[in-house]
$ cat query-v5.cif   # mmCIF, C-alpha atoms
data_work
#
loop_
_atom_site.group_PDB
_atom_site.id
_atom_site.type_symbol
_atom_site.label_atom_id
_atom_site.label_comp_id
_atom_site.auth_asym_id
_atom_site.auth_seq_id
_atom_site.Cartn_x
_atom_site.Cartn_y
_atom_site.Cartn_z
ATOM 1 C CA MET M 1 72.539 108.934 76.668
ATOM 2 C CA LYS M 2 68.946 108.137 75.640
ATOM 3 C CA LEU M 3 67.796 106.671 72.348
ATOM 4 C CA GLY M 4 64.026 107.007 72.051
ATOM 5 C CA ASN M 5 62.662 105.750 75.371
ATOM 6 C CA GLU M 6 65.623 103.469 75.984
ATOM 7 C CA ILE M 7 68.232 104.581 78.507
ATOM 8 C CA GLN M 8 71.735 103.676 77.373
ATOM 9 C CA VAL M 9 74.304 102.360 79.833
ATOM 10 C CA LYS M 10 77.896 103.381 79.278
ATOM 11 C CA ILE M 11 81.270 102.125 80.480
ATOM 12 C CA LYS M 12 84.201 104.529 80.397
ATOM 13 C CA PHE M 13 87.581 103.019 81.223
ATOM 14 C CA ILE M 14 89.783 105.269 83.341
ATOM 15 C CA GLY M 15 92.451 102.591 83.504
ATOM 16 C CA THR M 16 92.867 99.005 82.348
ATOM 17 C CA GLY M 17 96.210 97.978 83.847
ATOM 18 C CA SER M 18 97.315 95.745 86.690
ATOM 19 C CA ALA M 19 98.952 96.765 89.975
ATOM 20 C CA LYS M 20 102.348 96.933 88.267
ATOM 21 C CA ALA M 21 102.987 100.509 87.104
ATOM 22 C CA ASN M 22 102.692 100.662 83.337
ATOM 23 C CA PRO M 23 103.368 103.642 81.015
ATOM 24 C CA LYS M 24 100.509 102.567 78.721
ATOM 25 C CA ARG M 25 97.804 101.621 81.205
ATOM 26 C CA PHE M 26 96.660 103.183 84.474
ATOM 27 C CA PHE M 27 95.395 100.934 87.287
ATOM 28 C CA THR M 28 92.026 99.384 86.454
ATOM 29 C CA SER M 29 89.161 101.766 87.128
ATOM 30 C CA PHE M 30 86.008 102.621 85.212
ATOM 31 C CA ILE M 31 82.815 104.641 85.299
ATOM 32 C CA LEU M 32 79.406 103.006 84.890
ATOM 33 C CA SER M 33 76.683 105.456 83.973
ATOM 34 C CA ASN M 34 73.152 105.855 82.771
ATOM 35 C CA SER M 35 71.358 109.119 82.035
ATOM 36 C CA ARG M 36 71.028 109.969 85.738
ATOM 37 C CA THR M 37 74.094 108.885 87.695
ATOM 38 C CA ASN M 38 77.787 108.036 87.378
ATOM 39 C CA LEU M 39 79.468 105.362 89.486
ATOM 40 C CA LEU M 40 83.270 105.242 89.672
ATOM 41 C CA VAL M 41 84.513 101.725 90.383
ATOM 42 C CA ASP M 42 87.884 101.802 92.187
ATOM 43 C CA CYS M 43 90.266 104.712 92.487
ATOM 44 C CA GLY M 44 93.927 103.740 92.631
ATOM 45 C CA ASP M 45 96.889 105.946 93.440
ATOM 46 C CA GLY M 46 97.195 108.806 90.934
ATOM 47 C CA ILE M 47 93.637 108.723 89.654
ATOM 48 C CA SER M 48 93.172 112.487 89.981
ATOM 49 C CA ARG M 49 95.865 113.119 87.405
ATOM 50 C CA ARG M 50 94.218 110.504 85.184
ATOM 51 C CA PHE M 51 90.957 112.443 85.408
ATOM 52 C CA VAL M 52 92.751 115.572 84.241
ATOM 53 C CA GLU M 53 94.446 113.732 81.368
ATOM 54 C CA LEU M 54 91.119 112.277 80.209
ATOM 55 C CA LYS M 55 89.308 115.590 80.732
ATOM 56 C CA ILE M 56 86.843 114.106 83.232
ATOM 57 C CA SER M 57 85.290 116.632 85.589
ATOM 58 C CA PHE M 58 85.723 116.065 89.323
ATOM 59 C CA ASP M 59 82.108 117.142 89.559
ATOM 60 C CA ALA M 60 80.888 114.331 87.301
ATOM 61 C CA ILE M 61 81.130 111.454 89.771
ATOM 62 C CA ASP M 62 78.081 110.807 91.947
ATOM 63 C CA ASN M 63 79.188 107.569 93.627
ATOM 64 C CA ILE M 64 82.406 105.637 94.250
ATOM 65 C CA LEU M 65 82.639 101.880 94.817
ATOM 66 C CA ILE M 66 85.772 100.329 96.342
ATOM 67 C CA THR M 67 86.350 96.621 95.699
ATOM 68 C CA HIS M 68 89.202 96.069 98.180
ATOM 69 C CA LEU M 69 92.081 97.883 99.857
ATOM 70 C CA HIS M 70 95.053 97.203 97.608
ATOM 71 C CA PRO M 71 96.653 100.575 96.711
ATOM 72 C CA ASP M 72 95.884 100.289 92.990
ATOM 73 C CA HIS M 73 92.183 100.098 93.855
ATOM 74 C CA PHE M 74 91.658 102.529 96.692
ATOM 75 C CA THR M 75 94.360 105.022 97.734
ATOM 76 C CA GLY M 76 93.381 107.626 95.116
ATOM 77 C CA ILE M 77 90.218 108.332 97.122
ATOM 78 C CA ALA M 78 92.153 110.931 99.107
ATOM 79 C CA SER M 79 93.263 112.988 96.113
ATOM 80 C CA LEU M 80 89.821 112.730 94.508
ATOM 81 C CA LEU M 81 88.162 114.221 97.576
ATOM 82 C CA VAL M 82 90.782 116.978 97.754
ATOM 83 C CA GLN M 83 90.347 117.884 94.073
ATOM 84 C CA MET M 84 86.558 117.935 94.513
ATOM 85 C CA LYS M 85 87.031 120.319 97.408
ATOM 86 C CA LEU M 86 89.410 122.552 95.443
ATOM 87 C CA ILE M 87 86.920 122.995 92.591
ATOM 88 C CA LYS M 88 84.301 123.933 95.219
ATOM 89 C CA ARG M 89 82.063 121.029 94.379
ATOM 90 C CA SER M 90 78.679 121.388 96.078
ATOM 91 C CA LYS M 91 76.804 118.155 95.402
ATOM 92 C CA ASP M 92 77.151 115.247 97.806
ATOM 93 C CA ILE M 93 78.933 112.024 96.944
ATOM 94 C CA LYS M 94 78.466 108.475 98.243
ATOM 95 C CA ILE M 95 81.339 106.050 98.809
ATOM 96 C CA TYR M 96 80.394 102.362 98.944
ATOM 97 C CA ILE M 97 82.666 99.883 100.705
ATOM 98 C CA HIS M 98 82.238 96.521 102.457
ATOM 99 C CA LYS M 99 81.006 96.833 106.038
ATOM 100 C CA ASN M 100 84.257 95.365 107.447
ATOM 101 C CA LEU M 101 86.257 98.191 105.877
ATOM 102 C CA VAL M 102 84.150 101.225 106.827
ATOM 103 C CA GLU M 103 85.937 101.901 110.099
ATOM 104 C CA PHE M 104 89.353 101.818 108.426
ATOM 105 C CA LEU M 105 88.270 104.126 105.588
ATOM 106 C CA GLU M 106 86.855 106.656 108.043
ATOM 107 C CA TYR M 107 90.083 106.521 110.066
ATOM 108 C CA PHE M 108 92.227 106.851 106.931
ATOM 109 C CA ILE M 109 90.357 109.914 105.664
ATOM 110 C CA GLU M 110 90.483 111.671 109.021
ATOM 111 C CA ARG M 111 94.176 110.938 109.593
ATOM 112 C CA ILE M 112 95.180 112.622 106.342
ATOM 113 C CA TYR M 113 93.371 115.792 107.453
ATOM 114 C CA LEU M 114 90.265 115.481 105.299
ATOM 115 C CA PHE M 115 87.859 116.769 107.911
ATOM 116 C CA LYS M 116 84.255 116.608 106.765
ATOM 117 C CA GLU M 117 83.294 119.954 108.255
ATOM 118 C CA LYS M 118 85.856 121.653 105.994
ATOM 119 C CA PHE M 119 84.224 120.371 102.804
ATOM 120 C CA PRO M 120 81.581 122.274 100.815
ATOM 121 C CA PHE M 121 79.839 118.962 100.126
ATOM 122 C CA ASP M 122 79.028 115.864 102.137
ATOM 123 C CA PHE M 123 80.728 112.550 101.410
ATOM 124 C CA LYS M 124 78.834 109.646 102.890
ATOM 125 C CA ILE M 125 80.471 106.278 103.448
ATOM 126 C CA ILE M 126 77.878 103.556 102.900
ATOM 127 C CA SER M 127 78.493 99.930 103.802
ATOM 128 C CA TYR M 128 77.487 96.901 101.809
ATOM 129 C CA ASN M 129 77.397 93.285 102.862
ATOM 130 C CA PHE M 130 77.773 90.224 100.684
ATOM 131 C CA ASN M 131 74.612 89.147 98.850
ATOM 132 C CA ASP M 132 72.690 92.306 99.740
ATOM 133 C CA VAL M 133 71.090 94.213 96.869
ATOM 134 C CA ILE M 134 72.335 97.785 97.175
ATOM 135 C CA GLU M 135 70.278 100.377 95.347
ATOM 136 C CA ILE M 136 72.316 103.389 94.267
ATOM 137 C CA GLU M 137 69.242 104.895 92.674
ATOM 138 C CA ASN M 138 66.156 103.678 90.860
ATOM 139 C CA GLU M 139 67.179 101.045 88.265
ATOM 140 C CA PHE M 140 70.845 101.160 89.370
ATOM 141 C CA LYS M 141 71.799 98.378 91.790
ATOM 142 C CA PHE M 142 74.654 96.083 92.673
ATOM 143 C CA THR M 143 75.292 92.901 94.615
ATOM 144 C CA ALA M 144 78.684 91.847 95.982
ATOM 145 C CA LYS M 145 80.048 88.366 96.595
ATOM 146 C CA PRO M 146 83.373 87.398 98.194
ATOM 147 C CA ASN M 147 86.236 86.060 96.105
ATOM 148 C CA SER M 148 89.531 84.457 97.119
ATOM 149 C CA HIS M 149 91.892 87.249 96.023
ATOM 150 C CA LEU M 150 93.133 87.928 99.571
ATOM 151 C CA ILE M 151 93.182 84.354 100.861
ATOM 152 C CA LYS M 152 96.969 84.363 100.358
ATOM 153 C CA TYR M 153 97.255 86.530 103.488
ATOM 154 C CA ASP M 154 95.416 84.098 105.771
ATOM 155 C CA ASN M 155 98.616 82.593 107.146
ATOM 156 C CA LEU M 156 100.173 85.939 108.091
ATOM 157 C CA SER M 157 100.098 87.359 111.600
ATOM 158 C CA ILE M 158 97.400 89.925 110.885
ATOM 159 C CA ASP M 159 95.712 91.432 113.944
ATOM 160 C CA ASN M 160 92.270 91.557 112.403
ATOM 161 C CA LEU M 161 91.317 89.246 109.559
ATOM 162 C CA LYS M 162 88.099 91.166 108.929
ATOM 163 C CA PHE M 163 90.097 93.484 106.636
ATOM 164 C CA LEU M 164 90.745 90.616 104.207
ATOM 165 C CA VAL M 165 87.729 91.441 102.067
ATOM 166 C CA SER M 166 87.760 91.335 98.270
ATOM 167 C CA SER M 167 84.542 91.475 96.287
ATOM 168 C CA SER M 168 83.232 90.647 92.846
ATOM 169 C CA PHE M 169 80.084 92.415 91.640
ATOM 170 C CA LEU M 170 76.922 92.044 89.646
ATOM 171 C CA PHE M 171 75.492 95.385 88.532
ATOM 172 C CA ASP M 172 71.909 95.757 87.373
ATOM 173 C CA ILE M 173 71.571 99.047 85.517
ATOM 174 C CA ASN M 174 68.303 99.694 83.706
ATOM 175 C CA LYS M 175 67.881 95.924 83.398
ATOM 176 C CA ASN M 176 71.383 95.485 81.940
ATOM 177 C CA LYS M 177 73.344 92.974 84.007
ATOM 178 C CA ILE M 178 77.070 93.669 84.123
ATOM 179 C CA TYR M 179 79.478 91.365 85.920
ATOM 180 C CA TYR M 180 82.831 92.606 87.220
ATOM 181 C CA SER M 181 85.192 89.989 88.572
ATOM 182 C CA ALA M 182 87.515 92.601 90.134
ATOM 183 C CA ASP M 183 90.752 90.967 91.333
ATOM 184 C CA VAL M 184 90.320 87.249 91.934
ATOM 185 C CA GLY M 185 92.448 84.529 93.492
ATOM 186 C CA LYS M 186 91.638 81.630 91.182
ATOM 187 C CA SER M 187 89.607 80.898 88.083
ATOM 188 C CA GLU M 188 86.718 79.428 90.104
ATOM 189 C CA ASP M 189 86.014 82.933 91.379
ATOM 190 C CA LEU M 190 84.819 83.915 87.904
ATOM 191 C CA TYR M 191 81.736 81.727 88.349
ATOM 192 C CA ILE M 192 80.485 82.932 91.756
ATOM 193 C CA PHE M 193 77.398 84.623 90.278
ATOM 194 C CA ASN M 194 74.873 82.132 88.989
ATOM 195 C CA SER M 195 73.202 84.561 86.643
ATOM 196 C CA ASP M 196 72.961 85.639 83.034
ATOM 197 C CA PHE M 197 75.050 88.701 82.172
ATOM 198 C CA LYS M 198 74.934 90.973 79.203
ATOM 199 C CA VAL M 199 78.463 92.217 79.806
ATOM 200 C CA CYS M 200 81.466 90.837 81.702
ATOM 201 C CA LEU M 201 84.584 92.651 82.849
ATOM 202 C CA ILE M 202 87.312 90.136 83.638
ATOM 203 C CA GLU M 203 90.635 90.753 85.308
ATOM 204 C CA THR M 204 93.528 89.002 83.557
ATOM 205 C CA SER M 205 96.579 89.200 85.798
ATOM 206 C CA HIS M 206 95.765 86.544 88.426
ATOM 207 C CA ILE M 207 94.401 83.804 86.160
ATOM 208 C CA LYS M 208 95.697 82.004 83.101
ATOM 209 C CA ILE M 209 94.695 82.960 79.574
ATOM 210 C CA GLU M 210 93.368 79.430 79.033
ATOM 211 C CA GLU M 211 91.031 79.933 82.000
ATOM 212 C CA ILE M 212 89.777 83.198 80.531
ATOM 213 C CA ILE M 213 89.110 81.490 77.188
ATOM 214 C CA SER M 214 87.177 78.738 78.956
ATOM 215 C CA PHE M 215 85.048 81.297 80.812
ATOM 216 C CA VAL M 216 84.253 83.189 77.609
ATOM 217 C CA GLU M 217 83.262 79.948 75.872
ATOM 218 C CA ILE M 218 80.963 78.884 78.721
ATOM 219 C CA ILE M 219 79.251 82.175 79.567
ATOM 220 C CA SER M 220 76.692 83.458 77.070
ATOM 221 C CA ALA M 221 77.303 87.197 77.388
ATOM 222 C CA ASP M 222 77.271 89.719 74.543
ATOM 223 C CA LYS M 223 80.552 91.413 75.438
ATOM 224 C CA PHE M 224 83.642 90.536 77.460
ATOM 225 C CA PHE M 225 86.110 93.266 78.433
ATOM 226 C CA LEU M 226 89.572 92.201 79.550
ATOM 227 C CA VAL M 227 91.096 94.490 82.193
ATOM 228 C CA HIS M 228 93.794 94.525 84.894
ATOM 229 C CA ILE M 229 96.312 93.785 82.162
ATOM 230 C CA ASP M 230 100.029 93.226 82.834
ATOM 231 C CA GLU M 231 102.297 95.003 80.368
ATOM 232 C CA GLU M 232 104.080 91.750 79.494
ATOM 233 C CA ASN M 233 100.765 90.023 78.650
ATOM 234 C CA ASP M 234 99.272 92.836 76.582
ATOM 235 C CA ASP M 235 100.420 91.690 73.141
ATOM 236 C CA LEU M 236 99.775 88.042 73.986
ATOM 237 C CA LEU M 237 96.152 88.706 74.950
ATOM 238 C CA ARG M 238 95.559 90.578 71.699
ATOM 239 C CA LYS M 239 97.117 87.795 69.639
ATOM 240 C CA VAL M 240 95.252 84.991 71.409
ATOM 241 C CA PHE M 241 91.843 86.577 70.928
ATOM 242 C CA SER M 242 92.451 87.943 67.439
ATOM 243 C CA ASP M 243 93.256 84.374 66.357
ATOM 244 C CA ARG M 244 89.952 82.976 67.641
ATOM 245 C CA ILE M 245 86.317 83.374 66.636
ATOM 246 C CA LEU M 246 85.796 84.716 70.149
ATOM 247 C CA ASN M 247 87.310 88.014 69.044
ATOM 248 C CA GLU M 248 83.884 89.300 67.932
ATOM 249 C CA LYS M 249 82.728 89.608 71.539
ATOM 250 C CA VAL M 250 86.017 89.961 73.432
ATOM 251 C CA PHE M 251 87.378 93.488 73.775
ATOM 252 C CA ILE M 252 90.724 94.668 75.123
ATOM 253 C CA PRO M 253 89.984 98.319 75.872
ATOM 254 C CA ASN M 254 92.539 101.083 76.163
ATOM 255 C CA ASP M 255 92.454 103.749 78.845
ATOM 256 C CA GLY M 256 89.872 106.392 77.983
ATOM 257 C CA ASP M 257 87.757 104.115 75.769
ATOM 258 C CA GLU M 258 83.966 104.286 76.088
ATOM 259 C CA TYR M 259 81.409 101.614 75.219
ATOM 260 C CA LEU M 260 77.632 101.490 75.175
ATOM 261 C CA VAL M 261 76.215 98.252 76.563
#
$ encode --input "query-v5.cif" --output "structure tokens"
Amino acid sequence: MKLGNEIQVKIKFIGTGSAKANPKRFFTSFILSNSRTNLLVDCGDGISRRFVELKISFDAIDNILITHLHPDHFTGIASLLVQMKLIKRSKDIKIYIHKNLVEFLEYFIERIYLFKEKFPFDFKIISYNFNDVIEIENEFKFTAKPNSHLIKYDNLSIDNLKFLVSSSFLFDINKNKIYYSADVGKSEDLYIFNSDFKVCLIETSHIKIEEIISFVEIISADKFFLVHIDEENDDLLRKVFSDRILNEKVFIPNDGDEYLV
């Protein structure tokens, strides 16, 4: 959407829930968009049905970003690609994922019979590395940094630890800086970007409410969106922030909500 010469940046929440299945909230996923491109961030199991319920076209998404490989963040990629094929989509799509996870994603897609030569469009898997500035298009960039969400698996007998990658992100869209914590392991992860943000999206299921309050009080952003919400914490989060002066800049979105930033 464009107002005068100013390009508006929009967030549309596909889901706002945690990994625990919830009748009110789908797994956390959202679309960041400007007037030229739409980026889907994460695509958990069942996201194709969510698109249908929210009346989002499978042709609308230009890029997909995967934060890590937990099922509520990634396994819906298969059904999305299938639905795009079934509607005879023609335009290409780019899938961004950390460089350590590219080989697995390619293997996964091939092993569930999604052969590229059978698609009417090209889907390109593009790697990112931590601290690199990745340009999706002009005036639409992101940078990833590692967080400690998957450190809990370090002591397991995993053949290849390179798969233990979980990222937080700083988006720069038409000079609007948007921070997304994604899933974190501890409250310190919220502070890994030493930058000013206009908007913050904070996950709420792996850190304490007191730690979220502290972050909101310290960081001078215009808006804070609370996502990755456990069903049992939903009412508590609303009460805590409605009782504080912070409620003017803290939002608890519902699935399907849209915001201009």
$ closest_residue --input "query-v5.cif" --among "M:His149, M:Lys124, M:Lys223, M:Arg49" --to "Leu260 in chain M" --atoms "only C-alpha atoms"
M:Lys223
$ residues_around --input "query-v5.cif" --residues "Leu164 in chain M" --least-positions-apart "2" --cutoff "8 Å" --atoms "all atoms listed in the file" --output "MDAnalysis selection string"
chainID M and resid 150:151 153 161:162 166
$ resolve_selection --input "query-v5.cif" --expression "the PyMOL selection byres ((chain M and resi 90-98) around 10)" --output "ChimeraX atom specification"
/M:39-41,59-69,77,81,84-85,87-89,99-102,105,119-130,134,136,144,163,165-167
$ residues_around --input "query-v5.cif" --residues "Ile14 in chain M" --least-positions-apart "2" --cutoff "9 Å" --atoms "all atoms listed in the file" --output "PyMOL selection string"
chain M and resi 12+16+26-31+47+50-51+54+254-257
$ atom_distance --input "query-v5.cif" --atom1 "CA of Ser181 in chain M" --atom2 "CA of Cys200 in chain M"
7.9 Å
$ axis_aligned_box --input "query-v5.cif" --around "range 27-46 of chain M" --padding-each-side "8 Å" --output "lines of an AutoDock Vina configuration file"
center_x = 84.1
center_y = 104.7
center_z = 87.7
size_x = 42.2
size_y = 26.6
size_z = 27.4
$ resolve_selection --input "query-v5.cif" --expression "the PyMOL selection byres ((chain M and resi 203) around 7)" --output "MDAnalysis selection string"
chainID M and resid 181:183 201:202 204:205 226:228
$ residues_around --input "query-v5.cif" --residues "range 240-244 of chain M" --least-positions-apart "3" --cutoff "12 Å" --atoms "only C-alpha atoms" --output "list in words"
Ile209, Glu210, Ile212, Ile213, Val216, Glu217, Phe224, Phe225, Leu226, Asn233, Asp234, Asp235, Leu236, Leu237, Asn247, Glu248, Lys249, Val250, Phe251 and Ile252 of chain M
$ closest_residue --input "query-v5.cif" --among "M:Val82, M:Glu258, M:Ile218, M:Lys208" --to "Phe115 in chain M" --atoms "all atoms listed in the file"
M:Val82
$ atom_distance --input "query-v5.cif" --atom1 "CA of Asp72 in chain M" --atom2 "CA of Asp45 in chain M"
5.8 Å
$ atom_distance --input "query-v5.cif" --atom1 "CA of Asn147 in chain M" --atom2 "CA of Leu190 in chain M"
8.6 Å
$ closest_residue --input "query-v5.cif" --among "M:Asn38, M:Ala19, M:Lys118, M:Glu188" --to "His73 in chain M" --atoms "only C-alpha atoms"
M:Ala19
$ residues_around --input "query-v5.cif" --residues "Asn138 in chain M" --least-positions-apart "6" --cutoff "12 Å" --atoms "all atoms listed in the file" --output "PyMOL selection string"
chain M and resi 34-37+172-175
$ closest_residue --input "query-v5.cif" --among "M:Ile229, M:Ala78, M:Ile219, M:Val261" --to "Ile112 in chain M" --atoms "only C-alpha atoms"
M:Ala78
